[in-house]
>>> print(open('query-v4.txt').read())   # compact mmCIF, C-alpha atoms
# COMPACT_ATOMS: atom_id res chain seq x y z
CA MET E 132 110.83 120.13 76.99
CA GLN E 133 113.73 118.52 75.15
CA THR E 134 113.77 115.50 72.86
CA ILE E 135 116.77 113.21 72.75
CA SER E 136 117.33 110.49 70.15
CA VAL E 137 118.36 106.92 70.93
CA LYS E 138 119.45 104.50 68.23
CA THR E 139 119.11 100.86 69.27
CA ARG E 140 120.92 97.94 67.66
CA GLN E 141 119.27 94.84 69.13
CA ARG E 142 115.72 93.59 69.53
CA ALA E 143 116.06 93.96 73.32
CA GLU E 144 118.66 96.30 74.74
CA PHE E 145 119.13 98.83 77.55
CA VAL E 146 120.87 102.11 76.62
CA GLU E 147 122.09 104.24 79.50
CA ILE E 148 121.04 107.89 79.19
CA THR E 149 122.03 109.24 82.64
CA ASP E 150 124.70 111.61 81.26
CA ARG E 151 122.33 113.03 78.67
CA VAL E 152 119.66 113.67 81.32
CA GLN E 153 122.26 115.37 83.55
CA LYS E 154 123.42 117.47 80.58
CA TYR E 155 119.83 118.63 80.02
CA VAL E 156 119.58 119.62 83.69
CA ASP E 157 122.96 121.42 83.49
CA GLU E 158 121.84 123.44 80.47
CA SER E 159 118.54 124.38 82.08
CA GLY E 160 120.25 125.93 85.09
CA LEU E 161 117.61 124.43 87.40
CA SER E 162 118.95 123.98 90.91
CA ARG E 163 116.11 122.12 92.64
CA GLY E 164 113.09 120.17 91.34
CA ALA E 165 112.63 117.00 89.36
CA VAL E 166 113.12 115.76 85.82
CA ILE E 167 110.56 113.62 84.02
CA VAL E 168 112.01 111.09 81.56
CA PHE E 169 109.19 109.99 79.23
CA VAL E 170 109.33 107.41 76.44
CA PRO E 171 106.70 108.05 73.70
CA HIS E 172 106.72 104.47 72.38
CA THR E 173 104.61 101.41 73.21
CA THR E 174 107.30 98.75 72.79
CA ALA E 175 110.01 100.57 74.73
CA ALA E 176 110.25 101.90 78.28
CA CYS E 177 112.63 103.41 80.79
CA THR E 178 113.93 102.19 84.11
CA ILE E 179 116.49 102.94 86.80
CA ASN E 180 118.87 100.13 87.68
CA GLU E 181 122.52 99.17 88.18
CA ASN E 182 125.11 100.63 85.82
CA ALA E 183 128.25 99.09 87.36
CA ASP E 184 128.29 95.43 86.25
CA PRO E 185 126.95 94.99 82.66
CA ASP E 186 125.89 91.45 83.61
CA VAL E 187 122.98 92.95 85.56
CA VAL E 188 121.43 94.39 82.40
CA ARG E 189 122.22 91.16 80.52
CA ASP E 190 120.46 89.09 83.23
CA MET E 191 117.49 91.48 83.36
CA LEU E 192 116.95 91.29 79.60
CA LYS E 193 117.36 87.52 79.41
CA GLU E 194 115.13 86.68 82.39
CA THR E 195 112.46 89.22 81.36
CA SER E 196 112.25 87.41 78.01
CA LYS E 197 111.64 84.15 79.85
CA ILE E 198 108.95 85.69 82.04
CA VAL E 199 107.25 87.37 79.06
CA PRO E 200 107.90 84.95 76.18
CA PHE E 201 108.26 86.00 72.55
CA GLU E 202 105.91 83.23 71.46
CA SER E 203 102.56 82.55 73.11
CA ASP E 204 98.94 82.50 71.95
CA TYR E 205 99.15 86.14 70.90
CA ARG E 206 96.77 87.56 68.28
CA HIS E 207 98.42 90.93 67.52
CA ALA E 208 99.84 90.39 64.03
CA GLU E 209 103.06 92.40 64.37
CA GLY E 210 104.81 89.73 66.43
CA ASN E 211 105.71 92.10 69.26
CA SER E 212 103.05 91.50 71.90
CA ASP E 213 105.82 90.52 74.34
CA SER E 214 107.40 93.95 73.77
CA HIS E 215 104.15 95.74 74.65
CA ILE E 216 103.82 93.77 77.89
CA LYS E 217 107.44 94.41 78.88
CA ALA E 218 106.93 98.12 78.14
CA SER E 219 104.07 98.30 80.65
CA PHE E 220 105.91 96.25 83.30
CA PHE E 221 108.91 98.63 83.16
CA GLY E 222 106.81 101.75 82.59
CA ALA E 223 106.86 104.73 80.23
CA SER E 224 108.43 107.25 82.60
CA GLU E 225 110.85 107.84 85.45
CA LEU E 226 110.98 110.79 87.82
CA VAL E 227 114.34 111.82 89.29
CA LEU E 228 114.94 114.50 91.92
CA ILE E 229 117.35 117.38 91.33
CA GLU E 230 119.31 119.01 94.17
CA LYS E 231 121.99 121.70 93.61
CA GLY E 232 121.69 121.09 89.87
CA LYS E 233 122.50 117.38 90.11
CA LEU E 234 120.34 114.29 89.58
CA VAL E 235 119.80 112.62 92.95
CA LEU E 236 120.61 108.99 92.20
CA GLY E 237 122.00 106.20 94.36
CA THR E 238 125.61 105.05 93.97
CA TRP E 239 124.78 102.25 91.55
CA GLN E 240 121.78 103.79 89.80
CA GLY E 241 121.69 104.73 86.13
CA ILE E 242 118.75 105.79 83.95
CA TYR E 243 118.14 103.39 81.07
CA PHE E 244 116.16 103.57 77.86
CA CYS E 245 114.70 100.04 77.47
CA GLU E 246 114.32 98.79 73.91
CA PHE E 247 112.04 95.76 73.58
CA ASP E 248 111.35 95.77 69.82
CA GLY E 249 114.47 97.09 68.10
CA PRO E 250 116.58 97.89 66.36
CA ARG E 251 114.89 101.26 65.87
CA ASP E 252 115.40 105.01 66.05
CA ARG E 253 113.73 106.11 69.26
CA LYS E 254 113.00 109.31 71.16
CA VAL E 255 112.94 110.28 74.82
CA TYR E 256 111.26 113.43 76.17
CA LEU E 257 112.78 115.31 79.10
CA SER E 258 110.98 117.99 81.08
CA LEU E 259 111.54 119.78 84.40
CA MET E 260 109.07 120.05 87.26
CA GLN E 261 109.05 122.73 89.91
CA ALA E 262 109.71 121.89 93.55
CA ALA E 263 107.25 123.19 96.13
CA PRO E 264 108.63 126.33 97.85
CA MET V 1130 92.22 117.77 91.52
CA GLN V 1131 89.44 116.08 89.59
CA THR V 1132 87.91 112.63 90.07
CA ILE V 1133 86.64 110.67 87.11
CA SER V 1134 84.54 107.51 87.33
CA VAL V 1135 85.21 104.32 85.40
CA LYS V 1136 82.70 101.49 85.27
CA THR V 1137 84.30 98.15 84.39
CA ARG V 1138 82.44 95.12 83.05
CA GLN V 1139 84.98 92.28 83.16
CA ARG V 1140 87.28 90.83 85.82
CA ALA V 1141 90.27 92.04 83.80
CA GLU V 1142 89.85 94.88 81.34
CA PHE V 1143 91.66 98.00 80.08
CA VAL V 1144 89.51 101.12 79.65
CA GLU V 1145 91.05 103.94 77.65
CA ILE V 1146 90.79 107.33 79.39
CA THR V 1147 93.04 109.48 77.17
CA ASP V 1148 90.19 111.73 75.97
CA ARG V 1149 88.96 112.31 79.50
CA VAL V 1150 92.45 113.27 80.67
CA GLN V 1151 92.80 115.66 77.70
CA LYS V 1152 89.38 117.15 78.50
CA TYR V 1153 90.54 117.82 82.07
CA VAL V 1154 93.66 119.56 80.73
CA ASP V 1155 91.52 121.58 78.28
CA GLU V 1156 89.21 122.77 81.04
CA SER V 1157 92.11 123.73 83.29
CA GLY V 1158 93.58 126.06 80.68
CA LEU V 1159 97.10 124.86 81.59
CA SER V 1160 99.49 125.33 78.70
CA ARG V 1161 102.65 123.65 79.97
CA GLY V 1162 103.35 121.18 82.82
CA ALA V 1163 102.34 117.61 83.55
CA VAL V 1164 99.26 115.69 84.56
CA ILE V 1165 99.32 112.97 87.21
CA VAL V 1166 96.86 110.12 86.66
CA PHE V 1167 96.44 108.27 89.96
CA VAL V 1168 94.36 105.16 90.67
CA PRO V 1169 93.24 104.95 94.34
CA HIS V 1170 92.63 101.18 94.28
CA THR V 1171 94.82 98.20 95.13
CA THR V 1172 93.52 95.76 92.51
CA ALA V 1173 93.56 98.21 89.59
CA ALA V 1174 96.27 100.30 87.97
CA CYS V 1175 97.01 102.53 85.03
CA THR V 1176 99.37 102.20 82.09
CA ILE V 1177 100.27 103.77 78.77
CA ASN V 1178 100.25 101.46 75.76
CA GLU V 1179 98.99 100.99 72.20
CA ASN V 1180 95.46 102.09 71.36
CA ALA V 1181 95.43 101.24 67.64
CA ASP V 1182 95.02 97.45 67.44
CA PRO V 1183 92.69 96.12 70.19
CA ASP V 1184 94.53 92.78 70.00
CA VAL V 1185 97.43 94.40 71.86
CA VAL V 1186 95.29 94.94 74.97
CA ARG V 1187 93.76 91.47 74.55
CA ASP V 1188 97.26 89.91 74.40
CA MET V 1189 98.51 91.98 77.35
CA LEU V 1190 95.59 90.91 79.55
CA LYS V 1191 95.78 87.24 78.58
CA GLU V 1192 99.55 86.88 78.94
CA THR V 1193 99.63 88.86 82.20
CA SER V 1194 97.15 86.36 83.62
CA LYS V 1195 99.49 83.53 82.66
CA ILE V 1196 102.49 85.27 84.24
CA VAL V 1197 100.54 86.10 87.43
CA PRO V 1198 98.11 83.19 87.78
CA PHE V 1199 94.67 83.42 89.39
CA GLU V 1200 95.34 80.27 91.40
CA SER V 1201 98.51 79.67 93.38
CA ASP V 1202 99.33 79.03 97.03
CA TYR V 1203 97.80 82.36 98.03
CA ARG V 1204 96.56 82.93 101.58
CA HIS V 1205 94.58 86.20 101.16
CA ALA V 1206 90.98 85.04 101.49
CA GLU V 1207 89.37 87.35 98.94
CA GLY V 1208 90.65 85.37 95.95
CA ASN V 1209 92.26 88.38 94.29
CA SER V 1210 95.94 88.13 95.21
CA ASP V 1211 96.78 87.98 91.50
CA SER V 1212 94.99 91.33 91.05
CA HIS V 1213 97.11 92.96 93.77
CA ILE V 1214 100.33 91.72 92.16
CA LYS V 1215 99.28 92.90 88.69
CA ALA V 1216 98.35 96.30 90.18
CA SER V 1217 101.91 96.75 91.49
CA PHE V 1218 103.54 95.52 88.26
CA PHE V 1219 101.57 98.08 86.21
CA GLY V 1220 101.68 100.79 88.88
CA ALA V 1221 99.21 103.16 90.50
CA SER V 1222 100.08 106.28 88.51
CA GLU V 1223 101.23 107.71 85.20
CA LEU V 1224 102.75 111.10 84.54
CA VAL V 1225 102.18 112.74 81.13
CA LEU V 1226 103.74 115.97 79.90
CA ILE V 1227 101.61 118.86 78.62
CA GLU V 1228 102.81 121.26 75.90
CA LYS V 1229 100.61 123.99 74.38
CA GLY V 1230 97.66 122.56 76.29
CA LYS V 1231 97.99 119.09 74.76
CA LEU V 1232 99.08 115.77 76.29
CA VAL V 1233 102.47 114.84 74.85
CA LEU V 1234 101.96 111.22 73.82
CA GLY V 1235 103.51 109.09 71.08
CA THR V 1236 101.53 108.25 67.92
CA TRP V 1237 100.29 104.92 69.27
CA GLN V 1238 100.07 105.74 72.95
CA GLY V 1239 96.86 105.84 74.95
CA ILE V 1240 96.30 106.12 78.71
CA TYR V 1241 94.49 103.09 80.14
CA PHE V 1242 92.72 102.37 83.38
CA CYS V 1243 93.63 98.74 84.16
CA GLU V 1244 90.96 96.70 85.93
CA PHE V 1245 92.26 93.49 87.48
CA ASP V 1246 89.37 92.61 89.86
CA GLY V 1247 86.17 93.81 88.24
CA PRO V 1248 83.52 94.38 87.37
CA ARG V 1249 83.46 97.39 89.72
CA ASP V 1250 82.80 101.12 89.90
CA ARG V 1251 86.22 102.74 90.03
CA LYS V 1252 87.75 106.19 90.38
CA VAL V 1253 90.76 107.93 88.88
CA TYR V 1254 92.28 111.13 90.28
CA LEU V 1255 93.75 113.74 87.95
CA SER V 1256 95.96 116.60 89.07
CA LEU V 1257 98.25 119.13 87.36
CA MET V 1258 101.88 119.79 88.18
CA GLN V 1259 103.77 122.98 87.46
CA ALA V 1260 106.66 123.03 85.01
CA ALA V 1261 109.91 124.62 86.16
CA PRO V 1262 110.22 128.17 84.77
CA MET U 411 114.28 116.94 100.24
CA GLN U 412 114.27 114.62 103.24
CA THR U 413 115.94 111.25 103.69
CA ILE U 414 114.32 108.57 105.80
CA SER U 415 116.02 105.36 106.91
CA VAL U 416 114.50 101.90 106.64
CA LYS U 417 116.07 98.88 108.33
CA THR U 418 114.99 95.60 106.73
CA ARG U 419 115.22 92.20 108.40
CA GLN U 420 114.48 89.69 105.61
CA ARG U 421 115.79 89.09 102.10
CA ALA U 422 112.39 90.09 100.69
CA GLU U 423 110.10 92.27 102.76
CA PHE U 424 107.67 95.18 102.40
CA VAL U 425 107.91 97.92 105.04
CA GLU U 426 105.02 100.37 105.20
CA ILE U 427 106.15 104.00 105.24
CA THR U 428 102.81 105.82 104.76
CA ASP U 429 102.88 107.46 108.20
CA ARG U 430 106.43 108.71 107.71
CA VAL U 431 105.55 110.21 104.33
CA GLN U 432 102.49 111.92 105.87
CA LYS U 433 104.68 113.22 108.72
CA TYR U 434 107.04 114.76 106.18
CA VAL U 435 104.09 116.45 104.46
CA ASP U 436 102.77 117.67 107.83
CA GLU U 437 106.11 119.21 108.75
CA SER U 438 106.45 120.92 105.37
CA GLY U 439 103.15 122.74 105.77
CA LEU U 440 102.34 122.10 102.10
CA SER U 441 98.60 122.16 101.48
CA ARG U 442 98.36 121.08 97.83
CA GLY U 443 100.80 119.40 95.42
CA ALA U 444 102.44 115.98 95.27
CA VAL U 445 105.12 114.05 97.09
CA ILE U 446 107.74 111.99 95.28
CA VAL U 447 108.91 108.87 97.11
CA PHE U 448 112.22 107.77 95.57
CA VAL U 449 114.32 104.71 96.44
CA PRO U 450 118.05 105.20 95.62
CA HIS U 451 118.83 101.48 95.47
CA THR U 452 118.89 98.97 92.61
CA THR U 453 117.66 95.91 94.52
CA ALA U 454 114.81 97.65 96.31
CA ALA U 455 111.76 99.58 95.13
CA CYS U 456 108.55 101.18 96.32
CA THR U 457 104.92 100.42 95.60
CA ILE U 458 101.41 101.30 96.68
CA ASN U 459 99.19 98.39 97.68
CA GLU U 460 96.85 97.03 100.36
CA ASN U 461 97.72 97.61 104.00
CA ALA U 462 94.69 95.95 105.62
CA ASP U 463 95.28 92.17 105.36
CA PRO U 464 98.99 91.28 105.82
CA ASP U 465 98.39 88.17 103.69
CA VAL U 466 98.31 90.42 100.62
CA VAL U 467 101.94 91.44 101.10
CA ARG U 468 102.86 87.83 101.96
CA ASP U 469 101.21 86.60 98.72
CA MET U 470 102.80 89.38 96.64
CA LEU U 471 106.28 88.56 97.91
CA LYS U 472 105.89 84.79 97.52
CA GLU U 473 104.36 84.87 94.04
CA THR U 474 106.81 87.51 92.79
CA SER U 475 109.64 85.16 93.80
CA LYS U 476 108.05 82.43 91.70
CA ILE U 477 107.66 84.73 88.69
CA VAL U 478 111.22 86.06 89.03
CA PRO U 479 113.16 83.08 90.39
CA PHE U 480 116.22 83.34 92.66
CA GLU U 481 118.06 80.78 90.53
CA SER U 482 118.26 80.94 86.75
CA ASP U 483 121.06 81.20 84.21
CA TYR U 484 122.19 84.51 85.68
CA ARG U 485 125.76 85.73 85.20
CA HIS U 486 125.92 88.62 87.71
CA ALA U 487 128.17 87.23 90.43
CA GLU U 488 126.46 88.77 93.46
CA GLY U 489 123.56 86.31 93.38
CA ASN U 490 120.89 89.02 93.35
CA SER U 491 119.87 89.32 89.70
CA ASP U 492 116.31 88.43 90.71
CA SER U 493 116.33 91.43 93.09
CA HIS U 494 117.35 93.81 90.29
CA ILE U 495 114.55 92.55 88.04
CA LYS U 496 111.94 92.83 90.80
CA ALA U 497 113.19 96.37 91.54
CA SER U 498 112.45 97.43 87.96
CA PHE U 499 109.06 95.67 87.83
CA PHE U 500 107.92 97.53 90.98
CA GLY U 501 109.74 100.77 90.14
CA ALA U 502 112.03 103.19 91.95
CA SER U 503 109.44 105.86 92.73
CA GLU U 504 105.83 106.63 93.58
CA LEU U 505 104.02 109.92 93.23
CA VAL U 506 101.16 110.71 95.63
CA LEU U 507 98.86 113.73 95.49
CA ILE U 508 98.42 116.06 98.47
CA GLU U 509 95.15 117.91 99.16
CA LYS U 510 94.56 120.01 102.30
CA GLY U 511 97.86 118.76 103.67
CA LYS U 512 96.90 115.08 103.45
CA LEU U 513 98.14 112.29 101.15
CA VAL U 514 95.36 111.39 98.73
CA LEU U 515 95.26 107.60 98.98
CA GLY U 516 92.45 105.09 98.53
CA THR U 517 90.87 103.39 101.56
CA TRP U 518 93.12 100.33 101.38
CA GLN U 519 96.26 101.92 99.97
CA GLY U 520 99.54 102.16 101.83
CA ILE U 521 103.00 103.20 100.57
CA TYR U 522 105.56 100.41 100.89
CA PHE U 523 109.33 100.25 100.76
CA CYS U 524 110.06 96.97 98.92
CA GLU U 525 113.20 95.14 100.00
CA PHE U 526 114.34 92.48 97.53
CA ASP U 527 117.93 91.88 98.72
CA GLY U 528 117.99 92.40 102.48
CA PRO U 529 118.49 92.53 105.28
CA ARG U 530 120.06 95.95 104.80
CA ASP U 531 120.01 99.55 106.00
CA ARG U 532 118.18 101.46 103.29
CA LYS U 533 117.21 105.03 102.47
CA VAL U 534 114.17 106.67 100.90
CA TYR U 535 114.15 110.23 99.53
CA LEU U 536 111.04 112.40 99.87
CA SER U 537 110.47 115.62 97.98
CA LEU U 538 107.51 117.91 97.28
CA MET U 539 106.31 119.08 93.88
CA GLN U 540 104.28 122.19 93.21
CA ALA U 541 100.73 121.98 91.89
CA ALA U 542 99.87 124.07 88.84
CA PRO U 543 98.02 127.24 89.89
>>> encode(input="query-v4.txt", output="C-alpha cells")
Amino acid sequence: MQTISVKTRQRAEFVEITDRVQKYVDESGLSRGAVIVFVPHTTAACTINENADPDVVRDMLKETSKIVPFESDYRHAEGNSDSHIKASFFGASELVLIEKGKLVLGTWQGIYFCEFDGPRDRKVYLSLMQAAP
Amino acid sequence: MQTISVKTRQRAEFVEITDRVQKYVDESGLSRGAVIVFVPHTTAACTINENADPDVVRDMLKETSKIVPFESDYRHAEGNSDSHIKASFFGASELVLIEKGKLVLGTWQGIYFCEFDGPRDRKVYLSLMQAAP
Amino acid sequence: MQTISVKTRQRAEFVEITDRVQKYVDESGLSRGAVIVFVPHTTAACTINENADPDVVRDMLKETSKIVPFESDYRHAEGNSDSHIKASFFGASELVLIEKGKLVLGTWQGIYFCEFDGPRDRKVYLSLMQAAP
C-alpha cells in the first residue's frame, strides 16, 4: 500500500491524480491486475471523469453544489453536511484495471481526488489487487 | 464469502456494520488484501461516511430525501422509485483495504448499510480479495 | 480482460448486460473471485438495480434528469455537462462476487450499462479478480 498526499486550495476542487497512480503502478512492476484508489476522508471522494476540457470539472462542481446545497436544515454543527453527502454520492474509492503495466482508462478519462470541504491536506491510499489466473 | 443479516426499523436508515466487517476479517486470518462489502438489494446500498456525530447521518438521510423525492411522476407501482434511485447514487458495494489484519479506514470513517425502503430484513455479502504480490 | 460492445439508441438509456457478464465468467472457468465491470467513457456509467419491472429504469432515468438538469449555467461547450455529472453519481465500475462460477446477485438485481449521452457505440471492460485463499 502507498499513501499519496494531496493539498487542496479551495472548498470544492477536483485534483487530477492519474499520473501519480500510474507512477505507483510503474514502480510496483505489476503487469496485470487492478489498482484500488481509496480516500480515507468523509468530506472528500474520488471519481473518474473527463480531463480534457477544464470546464467539465467546473460544471460538475458548480452543479453538484446546486443539487446538494451548502445551506439547508442541517443539524451537524461543523457546517459541512453538504460535503458529507457529496462524498457519498461520488464514493470513497475507484478501481482501475491494469494491463501490460498501464492503467486501462478511456481516452478522456482521468482519476480525480474530489475535495468538498477544503482547503486541507489530504491523503489517498493506493493498493494493487491480483488478477485471477 | 460470508452473509451477515441487518434488520432495519425505519423506511430510511443507516446501520453501521464496521465492527462486523472487521470481525469477518479477523476470523479469516487474512493479513493483507481487500474486503468487498456487497448489498444484494435494489432499494438499499452501502457507503462509507462519518461515524462520530450522528447528526451527519441524520442530515445525509434528510437531504437525500429532498434531492430524490418520495413523490414525483413515477410509474413503478410499488411506491419506492426514490429508493431505487438512492440505491444507485450510493452504490451496491464498497471496497476496503486490509493491512496487518485491520481495515484501513480514516479516523472518522465507518461502513454503513443504507436502508432506503425499510423496515426490512436485509443481507450483506462479504468476501476477501487477494493483494498483488 | 475482455471488451464488450454496447450500442445505445437514446440519449439516456440503461442496457442490461448481466447475461454477457455471466457468459464471460462462464468462458473463463473461474469458480470463485470477483468480476470488475468498467466503463471507459465519461458520459456513461454502470449500475446494479432492478431488472424485473421496466418502470424502475424509466423512473430512474426520468428523475435523474430532473435532479441533474440538461440546461443550467454550464460552460462546457458540448452540451453534455449533465451527462458527466450523472456518470460520476452512478460511477464508472461495479464489482460483483463469483461463487461456483455464478455471479452473486440478489433476486431482483441486474447489471446495467448507463448511457447518458447517446446514441453511441460504447465499450465495457470485464476483468476477473482473485479471491483470497
>>> interface_residues(input="query-v4.txt", of="chain V", to="chain E", cutoff="7 Å", atoms="all atoms listed in the file", output="PyMOL selection string")
chain V and resi 1176-1179+1184-1185+1188-1189+1196+1218-1219+1234-1235+1237-1238+1259-1261
>>> calpha_fit_and_write(input="query-v4.txt", fixed="chain E", moving="chain V", output="short mmCIF file (atom, residue, chain, number, x, y, z; two decimals) with C-alpha atoms, keeping the file's coordinate frame")
data_model
loop_
_atom_site.label_atom_id
_atom_site.label_comp_id
_atom_site.auth_asym_id
_atom_site.auth_seq_id
_atom_site.Cartn_x
_atom_site.Cartn_y
_atom_site.Cartn_z
CA MET V 1130 110.84 120.12 76.99
CA GLN V 1131 113.73 118.52 75.15
CA THR V 1132 113.76 115.48 72.86
CA ILE V 1133 116.77 113.20 72.74
CA SER V 1134 117.33 110.48 70.15
CA VAL V 1135 118.36 106.92 70.93
CA LYS V 1136 119.47 104.51 68.23
CA THR V 1137 119.11 100.87 69.27
CA ARG V 1138 120.92 97.95 67.65
CA GLN V 1139 119.29 94.84 69.14
CA ARG V 1140 115.71 93.60 69.53
CA ALA V 1141 116.07 93.96 73.31
CA GLU V 1142 118.66 96.31 74.73
CA PHE V 1143 119.13 98.84 77.56
CA VAL V 1144 120.87 102.10 76.61
CA GLU V 1145 122.08 104.24 79.49
CA ILE V 1146 121.03 107.90 79.19
CA THR V 1147 122.02 109.24 82.63
CA ASP V 1148 124.68 111.61 81.26
CA ARG V 1149 122.31 113.02 78.67
CA VAL V 1150 119.65 113.66 81.31
CA GLN V 1151 122.26 115.37 83.54
CA LYS V 1152 123.41 117.47 80.57
CA TYR V 1153 119.82 118.63 80.02
CA VAL V 1154 119.58 119.61 83.70
CA ASP V 1155 122.95 121.42 83.47
CA GLU V 1156 121.83 123.43 80.46
CA SER V 1157 118.54 124.37 82.09
CA GLY V 1158 120.27 125.92 85.08
CA LEU V 1159 117.61 124.42 87.40
CA SER V 1160 118.95 123.98 90.90
CA ARG V 1161 116.12 122.13 92.63
CA GLY V 1162 113.09 120.17 91.34
CA ALA V 1163 112.63 116.99 89.35
CA VAL V 1164 113.12 115.76 85.82
CA ILE V 1165 110.56 113.61 84.03
CA VAL V 1166 111.99 111.10 81.56
CA PHE V 1167 109.19 109.99 79.24
CA VAL V 1168 109.33 107.40 76.44
CA PRO V 1169 106.71 108.06 73.71
CA HIS V 1170 106.72 104.47 72.39
CA THR V 1171 104.61 101.42 73.20
CA THR V 1172 107.29 98.75 72.79
CA ALA V 1173 110.01 100.57 74.74
CA ALA V 1174 110.25 101.90 78.28
CA CYS V 1175 112.62 103.40 80.79
CA THR V 1176 113.94 102.18 84.12
CA ILE V 1177 116.49 102.94 86.80
CA ASN V 1178 118.88 100.13 87.69
CA GLU V 1179 122.53 99.19 88.19
CA ASN V 1180 125.12 100.61 85.82
CA ALA V 1181 128.26 99.08 87.36
CA ASP V 1182 128.29 95.42 86.27
CA PRO V 1183 126.96 94.99 82.69
CA ASP V 1184 125.89 91.45 83.62
CA VAL V 1185 122.99 92.95 85.57
CA VAL V 1186 121.43 94.37 82.40
CA ARG V 1187 122.24 91.15 80.53
CA ASP V 1188 120.47 89.09 83.24
CA MET V 1189 117.50 91.48 83.37
CA LEU V 1190 116.97 91.28 79.61
CA LYS V 1191 117.37 87.51 79.42
CA GLU V 1192 115.14 86.68 82.39
CA THR V 1193 112.47 89.21 81.35
CA SER V 1194 112.26 87.41 78.02
CA LYS V 1195 111.65 84.14 79.85
CA ILE V 1196 108.95 85.69 82.05
CA VAL V 1197 107.26 87.38 79.06
CA PRO V 1198 107.90 84.98 76.18
CA PHE V 1199 108.26 86.01 72.53
CA GLU V 1200 105.90 83.23 71.46
CA SER V 1201 102.55 82.56 73.10
CA ASP V 1202 98.94 82.51 71.94
CA TYR V 1203 99.15 86.16 70.90
CA ARG V 1204 96.77 87.56 68.29
CA HIS V 1205 98.42 90.95 67.51
CA ALA V 1206 99.83 90.41 64.03
CA GLU V 1207 103.05 92.40 64.36
CA GLY V 1208 104.80 89.73 66.43
CA ASN V 1209 105.70 92.10 69.25
CA SER V 1210 103.05 91.50 71.91
CA ASP V 1211 105.81 90.53 74.34
CA SER V 1212 107.40 93.95 73.76
CA HIS V 1213 104.15 95.74 74.65
CA ILE V 1214 103.81 93.77 77.88
CA LYS V 1215 107.44 94.41 78.88
CA ALA V 1216 106.93 98.13 78.13
CA SER V 1217 104.07 98.29 80.65
CA PHE V 1218 105.92 96.25 83.30
CA PHE V 1219 108.91 98.64 83.15
CA GLY V 1220 106.81 101.76 82.58
CA ALA V 1221 106.87 104.72 80.22
CA SER V 1222 108.44 107.25 82.59
CA GLU V 1223 110.84 107.85 85.45
CA LEU V 1224 110.97 110.79 87.80
CA VAL V 1225 114.34 111.82 89.29
CA LEU V 1226 114.92 114.50 91.91
CA ILE V 1227 117.36 117.37 91.33
CA GLU V 1228 119.32 119.01 94.17
CA LYS V 1229 121.99 121.70 93.60
CA GLY V 1230 121.68 121.10 89.87
CA LYS V 1231 122.51 117.39 90.11
CA LEU V 1232 120.34 114.30 89.59
CA VAL V 1233 119.80 112.63 92.96
CA LEU V 1234 120.61 108.99 92.21
CA GLY V 1235 121.99 106.18 94.36
CA THR V 1236 125.63 105.06 93.98
CA TRP V 1237 124.77 102.26 91.55
CA GLN V 1238 121.79 103.78 89.81
CA GLY V 1239 121.68 104.73 86.14
CA ILE V 1240 118.75 105.79 83.95
CA TYR V 1241 118.14 103.38 81.07
CA PHE V 1242 116.17 103.55 77.87
CA CYS V 1243 114.70 100.04 77.48
CA GLU V 1244 114.32 98.79 73.92
CA PHE V 1245 112.04 95.77 73.59
CA ASP V 1246 111.35 95.79 69.80
CA GLY V 1247 114.46 97.11 68.10
CA PRO V 1248 116.59 97.89 66.37
CA ARG V 1249 114.87 101.26 65.88
CA ASP V 1250 115.39 105.02 66.05
CA ARG V 1251 113.72 106.12 69.26
CA LYS V 1252 112.98 109.31 71.16
CA VAL V 1253 112.93 110.28 74.82
CA TYR V 1254 111.26 113.43 76.16
CA LEU V 1255 112.77 115.31 79.09
CA SER V 1256 110.97 117.98 81.08
CA LEU V 1257 111.54 119.78 84.40
CA MET V 1258 109.08 120.05 87.26
CA GLN V 1259 109.05 122.73 89.91
CA ALA V 1260 109.72 121.90 93.54
CA ALA V 1261 107.25 123.19 96.13
CA PRO V 1262 108.62 126.33 97.83
#
>>> axis_aligned_box(input="query-v4.txt", around="segment 1171-1186 of chain V", padding_each_side="3 Å", output="lines of an AutoDock Vina configuration file")
center_x = 96.5
center_y = 98.3
center_z = 81.3
size_x = 13.6
size_y = 17.0
size_z = 33.7
>>> atom_distance(input="query-v4.txt", atom1="atom CA of Ala455 of chain U", atom2="atom CA of Ala1141 of chain V")
25.4 Å
>>> atom_distance(input="query-v4.txt", atom1="atom CA of Glu246 of chain E", atom2="atom CA of Val137 of chain E")
9.6 Å
>>> atom_distance(input="query-v4.txt", atom1="atom CA of Ser196 of chain E", atom2="atom CA of Phe1199 of chain V")
21.3 Å
>>> residues_around(input="query-v4.txt", residues="segment 1151-1156 of chain V", least_positions_apart="6", cutoff="7 Å", atoms="only C-alpha atoms", output="PDB file with C-alpha atoms, in the coordinates of the input")
ATOM      1  CA  GLY V1230      97.660 122.560  76.290  1.00  0.00           C
ATOM      2  CA  LYS V1231      97.990 119.090  74.760  1.00  0.00           C
ATOM      3  CA  LEU V1232      99.080 115.770  76.290  1.00  0.00           C
TER       4      LEU V1232
END
